[in-house]
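Peer 1: Just one file: data10.pdb, with PDB, C-alpha atoms, pLDDT in the B column.
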```
ATOM      1  CA  MET T   1     -14.546   1.305 -29.146  1.00 53.00           C
ATOM      2  CA  SER T   2     -10.989   1.780 -30.319  1.00 50.00           C
ATOM      3  CA  GLN T   3      -9.267  -1.086 -32.074  1.00 56.00           C
ATOM      4  CA  LYS T   4      -6.084   0.849 -32.678  1.00 63.00           C
ATOM      5  CA  GLY T   5      -2.903  -0.166 -30.950  1.00 69.00           C
ATOM      6  CA  VAL T   6      -2.582   1.706 -27.677  1.00 88.00           C
ATOM      7  CA  GLY T   7       0.700   1.470 -25.836  1.00 92.00           C
ATOM      8  CA  LEU T   8       1.314   1.395 -22.115  1.00 95.00           C
ATOM      9  CA  LEU T   9       3.800   3.785 -20.543  1.00 93.00           C
ATOM     10  CA  ASN T  10       7.080   2.461 -19.171  1.00 90.00           C
ATOM     11  CA  PRO T  11       8.910   5.470 -17.716  1.00 87.00           C
ATOM     12  CA  PRO T  12      12.695   5.049 -17.265  1.00 88.00           C
ATOM     13  CA  GLY T  13      13.504   3.155 -14.073  1.00 83.00           C
ATOM     14  CA  SER T  14       9.890   2.214 -13.369  1.00 86.00           C
ATOM     15  CA  ASN T  15      10.174  -1.362 -14.690  1.00 88.00           C
ATOM     16  CA  TYR T  16       6.587  -1.539 -15.911  1.00 91.00           C
ATOM     17  CA  CYS T  17       7.458  -3.904 -18.774  1.00 92.00           C
ATOM     18  CA  PHE T  18       6.617  -7.136 -16.903  1.00 92.00           C
ATOM     19  CA  VAL T  19       3.195  -5.776 -15.892  1.00 94.00           C
ATOM     20  CA  ASN T  20       2.478  -4.174 -19.260  1.00 95.00           C
ATOM     21  CA  VAL T  21       3.151  -7.358 -21.232  1.00 95.00           C
ATOM     22  CA  VAL T  22       0.429  -9.157 -19.261  1.00 95.00           C
ATOM     23  CA  ILE T  23      -2.041  -6.306 -19.674  1.00 95.00           C
ATOM     24  CA  GLN T  24      -1.361  -6.107 -23.417  1.00 94.00           C
ATOM     25  CA  SER T  25      -1.640  -9.895 -23.783  1.00 93.00           C
ATOM     26  CA  LEU T  26      -4.999  -9.991 -22.003  1.00 93.00           C
ATOM     27  CA  TRP T  27      -6.197  -6.931 -23.934  1.00 93.00           C
ATOM     28  CA  HIS T  28      -5.547  -8.664 -27.257  1.00 92.00           C
ATOM     29  CA  VAL T  29      -7.732 -11.643 -26.312  1.00 90.00           C
ATOM     30  CA  LYS T  30     -10.899  -9.979 -27.593  1.00 89.00           C
ATOM     31  CA  HIS T  31     -13.291 -12.385 -25.893  1.00 86.00           C
ATOM     32  CA  PHE T  32     -11.542 -11.898 -22.535  1.00 85.00           C
ATOM     33  CA  ARG T  33     -11.610  -8.119 -22.980  1.00 88.00           C
ATOM     34  CA  ASN T  34     -15.346  -8.234 -23.741  1.00 85.00           C
ATOM     35  CA  GLU T  35     -15.981 -10.422 -20.682  1.00 80.00           C
ATOM     36  CA  VAL T  36     -14.072  -7.941 -18.497  1.00 83.00           C
ATOM     37  CA  PHE T  37     -16.298  -5.141 -19.814  1.00 83.00           C
ATOM     38  CA  GLU T  38     -19.462  -7.171 -19.176  1.00 78.00           C
ATOM     39  CA  SER T  39     -18.513  -8.265 -15.661  1.00 71.00           C
ATOM     40  CA  GLN T  40     -19.289  -6.084 -12.712  1.00 61.00           C
ATOM     41  CA  GLY T  41     -16.213  -5.165 -10.691  1.00 57.00           C
ATOM     42  CA  VAL T  42     -16.438  -6.501  -7.144  1.00 56.00           C
ATOM     43  CA  ASP T  43     -15.246  -3.194  -5.739  1.00 59.00           C
ATOM     44  CA  SER T  44     -13.383  -0.208  -7.095  1.00 60.00           C
ATOM     45  CA  GLU T  45     -10.100  -1.371  -5.551  1.00 70.00           C
ATOM     46  CA  SER T  46     -10.117  -4.908  -6.974  1.00 81.00           C
ATOM     47  CA  LEU T  47      -7.805  -6.035  -9.755  1.00 84.00           C
ATOM     48  CA  SER T  48     -10.860  -6.815 -11.884  1.00 84.00           C
ATOM     49  CA  SER T  49     -12.127  -3.257 -11.538  1.00 86.00           C
ATOM     50  CA  ARG T  50      -8.687  -1.786 -12.206  1.00 90.00           C
ATOM     51  CA  LEU T  51      -8.307  -3.942 -15.298  1.00 91.00           C
ATOM     52  CA  GLU T  52     -11.756  -2.894 -16.506  1.00 90.00           C
ATOM     53  CA  SER T  53     -10.845   0.771 -15.984  1.00 91.00           C
ATOM     54  CA  LEU T  54      -7.574   0.349 -17.829  1.00 94.00           C
ATOM     55  CA  PHE T  55      -9.228  -1.510 -20.709  1.00 93.00           C
ATOM     56  CA  THR T  56     -11.831   1.272 -20.922  1.00 92.00           C
ATOM     57  CA  GLU T  57      -9.114   3.903 -21.060  1.00 93.00           C
ATOM     58  CA  MET T  58      -7.246   1.901 -23.715  1.00 93.00           C
ATOM     59  CA  SER T  59     -10.474   1.689 -25.734  1.00 91.00           C
ATOM     60  CA  TRP T  60     -11.419   5.340 -25.688  1.00 90.00           C
ATOM     61  CA  THR T  61      -8.201   7.319 -25.422  1.00 91.00           C
ATOM     62  CA  ASP T  62      -7.004   9.677 -28.099  1.00 91.00           C
ATOM     63  CA  GLN T  63      -3.463   9.263 -26.769  1.00 91.00           C
ATOM     64  CA  ASN T  64      -0.852   6.867 -28.151  1.00 92.00           C
ATOM     65  CA  SER T  65      -0.270   5.381 -24.713  1.00 94.00           C
ATOM     66  CA  VAL T  66      -1.817   5.219 -21.243  1.00 95.00           C
ATOM     67  CA  SER T  67      -0.483   4.564 -17.764  1.00 95.00           C
ATOM     68  CA  SER T  68      -0.878   1.261 -15.951  1.00 94.00           C
ATOM     69  CA  ALA T  69       0.275   2.817 -12.652  1.00 93.00           C
ATOM     70  CA  GLN T  70      -3.043   2.415 -10.784  1.00 93.00           C
ATOM     71  CA  PHE T  71      -3.316  -1.193 -11.902  1.00 93.00           C
ATOM     72  CA  ARG T  72       0.238  -1.852 -10.705  1.00 92.00           C
ATOM     73  CA  GLN T  73      -0.447  -0.179  -7.349  1.00 92.00           C
ATOM     74  CA  THR T  74      -3.476  -2.425  -6.857  1.00 91.00           C
ATOM     75  CA  LEU T  75      -1.435  -5.444  -7.957  1.00 92.00           C
ATOM     76  CA  ALA T  76       1.249  -4.634  -5.376  1.00 92.00           C
ATOM     77  CA  SER T  77      -1.250  -3.990  -2.569  1.00 91.00           C
ATOM     78  CA  THR T  78      -3.205  -7.202  -3.215  1.00 88.00           C
ATOM     79  CA  CYS T  79      -0.491  -9.587  -4.420  1.00 87.00           C
ATOM     80  CA  GLY T  80       2.680  -8.460  -2.718  1.00 83.00           C
ATOM     81  CA  ASP T  81       5.370  -5.835  -2.692  1.00 84.00           C
ATOM     82  CA  GLN T  82       7.440  -7.725  -5.281  1.00 85.00           C
ATOM     83  CA  PHE T  83       5.198  -5.962  -7.822  1.00 87.00           C
ATOM     84  CA  GLY T  84       5.741  -2.532  -6.258  1.00 82.00           C
ATOM     85  CA  GLU T  85       6.883   0.602  -8.020  1.00 82.00           C
ATOM     86  CA  GLY T  86      10.418   0.376  -9.399  1.00 81.00           C
ATOM     87  CA  LYS T  87      10.760  -3.336  -8.655  1.00 84.00           C
ATOM     88  CA  MET T  88      11.302  -6.002 -11.275  1.00 85.00           C
ATOM     89  CA  ALA T  89       9.412  -9.286 -11.358  1.00 86.00           C
ATOM     90  CA  ASP T  90       8.471 -11.965 -13.840  1.00 88.00           C
ATOM     91  CA  ALA T  91       5.554 -11.573 -16.264  1.00 92.00           C
ATOM     92  CA  LEU T  92       4.425 -15.149 -15.543  1.00 92.00           C
ATOM     93  CA  GLU T  93       4.143 -14.300 -11.830  1.00 92.00           C
ATOM     94  CA  VAL T  94       2.000 -11.284 -12.717  1.00 92.00           C
ATOM     95  CA  PHE T  95      -0.181 -13.369 -15.047  1.00 92.00           C
ATOM     96  CA  GLU T  96      -0.735 -16.092 -12.429  1.00 90.00           C
ATOM     97  CA  ASN T  97      -1.486 -13.577  -9.674  1.00 89.00           C
ATOM     98  CA  VAL T  98      -3.872 -11.532 -11.810  1.00 89.00           C
ATOM     99  CA  LEU T  99      -5.864 -14.571 -12.922  1.00 87.00           C
ATOM    100  CA  SER T 100      -5.864 -16.098  -9.450  1.00 84.00           C
ATOM    101  CA  ARG T 101      -6.999 -12.876  -7.707  1.00 82.00           C
ATOM    102  CA  MET T 102      -9.633 -12.174 -10.342  1.00 80.00           C
ATOM    103  CA  GLU T 103     -11.020 -15.686 -10.012  1.00 77.00           C
ATOM    104  CA  THR T 104     -11.078 -15.495  -6.208  1.00 76.00           C
ATOM    105  CA  SER T 105     -12.881 -12.157  -6.212  1.00 71.00           C
ATOM    106  CA  LEU T 106     -15.426 -13.457  -8.730  1.00 67.00           C
ATOM    107  CA  ILE T 107     -16.066 -16.602  -6.662  1.00 64.00           C
ATOM    108  CA  ASN T 108     -16.374 -14.557  -3.448  1.00 65.00           C
ATOM    109  CA  SER T 109     -18.851 -12.200  -5.101  1.00 62.00           C
ATOM    110  CA  LYS T 110     -20.863 -15.227  -6.295  1.00 63.00           C
ATOM    111  CA  GLN T 111     -20.940 -13.876  -9.833  1.00 61.00           C
ATOM    112  CA  LYS T 112     -22.314 -16.388 -12.281  1.00 57.00           C
ATOM    113  CA  ASN T 113     -19.907 -15.257 -14.981  1.00 59.00           C
ATOM    114  CA  ASN T 114     -16.461 -16.481 -13.923  1.00 69.00           C
ATOM    115  CA  ILE T 115     -14.249 -15.043 -16.664  1.00 71.00           C
ATOM    116  CA  ILE T 116     -11.164 -17.007 -15.654  1.00 74.00           C
ATOM    117  CA  GLN T 117     -12.791 -20.437 -15.716  1.00 74.00           C
ATOM    118  CA  LYS T 118     -14.762 -19.554 -18.815  1.00 73.00           C
ATOM    119  CA  MET T 119     -11.729 -18.338 -20.775  1.00 75.00           C
ATOM    120  CA  PHE T 120      -8.885 -20.469 -19.488  1.00 73.00           C
ATOM    121  CA  GLY T 121     -10.636 -23.401 -17.821  1.00 70.00           C
ATOM    122  CA  ILE T 122      -7.789 -24.113 -15.455  1.00 57.00           C
ATOM    123  CA  ASN T 123      -7.086 -24.005 -11.773  1.00 59.00           C
ATOM    124  CA  LEU T 124      -3.837 -22.288 -10.889  1.00 65.00           C
ATOM    125  CA  TYR T 125      -1.758 -23.756  -8.121  1.00 71.00           C
ATOM    126  CA  GLU T 126       1.866 -24.358  -7.301  1.00 80.00           C
ATOM    127  CA  GLU T 127       3.332 -27.658  -6.209  1.00 81.00           C
ATOM    128  CA  THR T 128       6.861 -28.615  -5.225  1.00 81.00           C
ATOM    129  CA  ARG T 129       7.948 -32.237  -5.313  1.00 83.00           C
ATOM    130  CA  CYS T 130      11.140 -33.792  -4.172  1.00 84.00           C
ATOM    131  CA  GLU T 131      11.767 -37.235  -5.528  1.00 82.00           C
ATOM    132  CA  CYS T 132      14.806 -38.205  -3.536  1.00 80.00           C
ATOM    133  CA  LYS T 133      16.236 -41.701  -3.333  1.00 74.00           C
ATOM    134  CA  ASN T 134      17.533 -42.760   0.003  1.00 69.00           C
ATOM    135  CA  THR T 135      20.505 -45.091  -0.425  1.00 57.00           C
TER     136      THR T 135
END
```
Could you write out this file's structure as structure tokens?
Peer 2:
Amino acid sequence: MSQKGVGLLNPPGSNYCFVNVVIQSLWHVKHFRNEVFESQGVDSESLSSRLESLFTEMSWTDQNSVSSAQFRQTLASTCGDQFGEGKMADALEVFENVLSRMETSLINSKQKNNIIQKMFGINLYEETRCECKNT
């Protein structure tokens, strides 16, 4: 398996940077990467399976960089059009959505090896509070 640095393509105007930073960050957590390889993708269209495919390509390619386009397409179709081709979003939103969707698909598949809980040990949720004083 390759340990060399493999880049991810960011063609002009495609705005892949916010997706690629999350992929690269997760790739560099060796234990997470190994868990992704050991897990069985729920289905070929899931984010988990796309991430596994991308990690495999990053591991074995002879190229200096690979495309994350299929991963991004799956991200947009499962998490919302804000991640669609040519659009710009926040890396934190990508990170939260990827971990949340991966965890949900693992729970739904009843896999014993829940990578997200094992690696990060957190539950992701969003809460809005308004602490207003009525005078």
Peer 1: Kindly give the distance, in Å, that separates CA of Thr78 in chain T and CA of Asn10 in chain T, rounded to a single decimal.
Peer 2: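 It comes out at 21.3 Å.
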Peer 1: Could you tell me how far CA of Asn20 in chain T lies from CA of Glu127 in chain T, in Å and to one decimal?
Peer 2: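 So the two atoms, CA of Asn20 in chain T and CA of Glu127 in chain T, lie 26.9 Å apart.
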Peer 1: For the file shown, report as a count of residues only the outcome of the PyMOL selection byres ((chain T and resi 86-100) around 9) at residue level.
Peer 2: 29
Peer 1: For this structure, which residues satisfy the selection - the PyMOL selection byres ((chain T and resi 32) around 12) - when it is evaluated on the file as given? I want them as a count of residues only.
Peer 2: 29
Peer 1: Can you measure CA of Thr74 in chain T to CA of Gly7 in chain T for me? One decimal in Å is fine.
Peer 2: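 Calculated distance between CA of Thr74 in chain T and CA of Gly7 in chain T is 19.8 Å.
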Peer 1: Would you translate the PyMOL selection byres ((chain T and resi 62-71) around 6) into the concrete set of residues it matches in this file, as a list in words?
Peer 2: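 Output from the PyMOL selection byres ((chain T and resi 62-71) around 6), applied to this file: Val6, Gly7, Leu8, Leu9, Arg50, Thr61, Arg72, Gln73 and Thr74 of chain T.
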Peer 1: Would you please work out which residue, of T:Pro12, T:Lys133, T:Thr128, T:Ala76, is nearest to Ser46 in chain T when using all atoms listed in the file?
Peer 2: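 Result for the nearest residue to Ser46 in chain T: T:Ala76.
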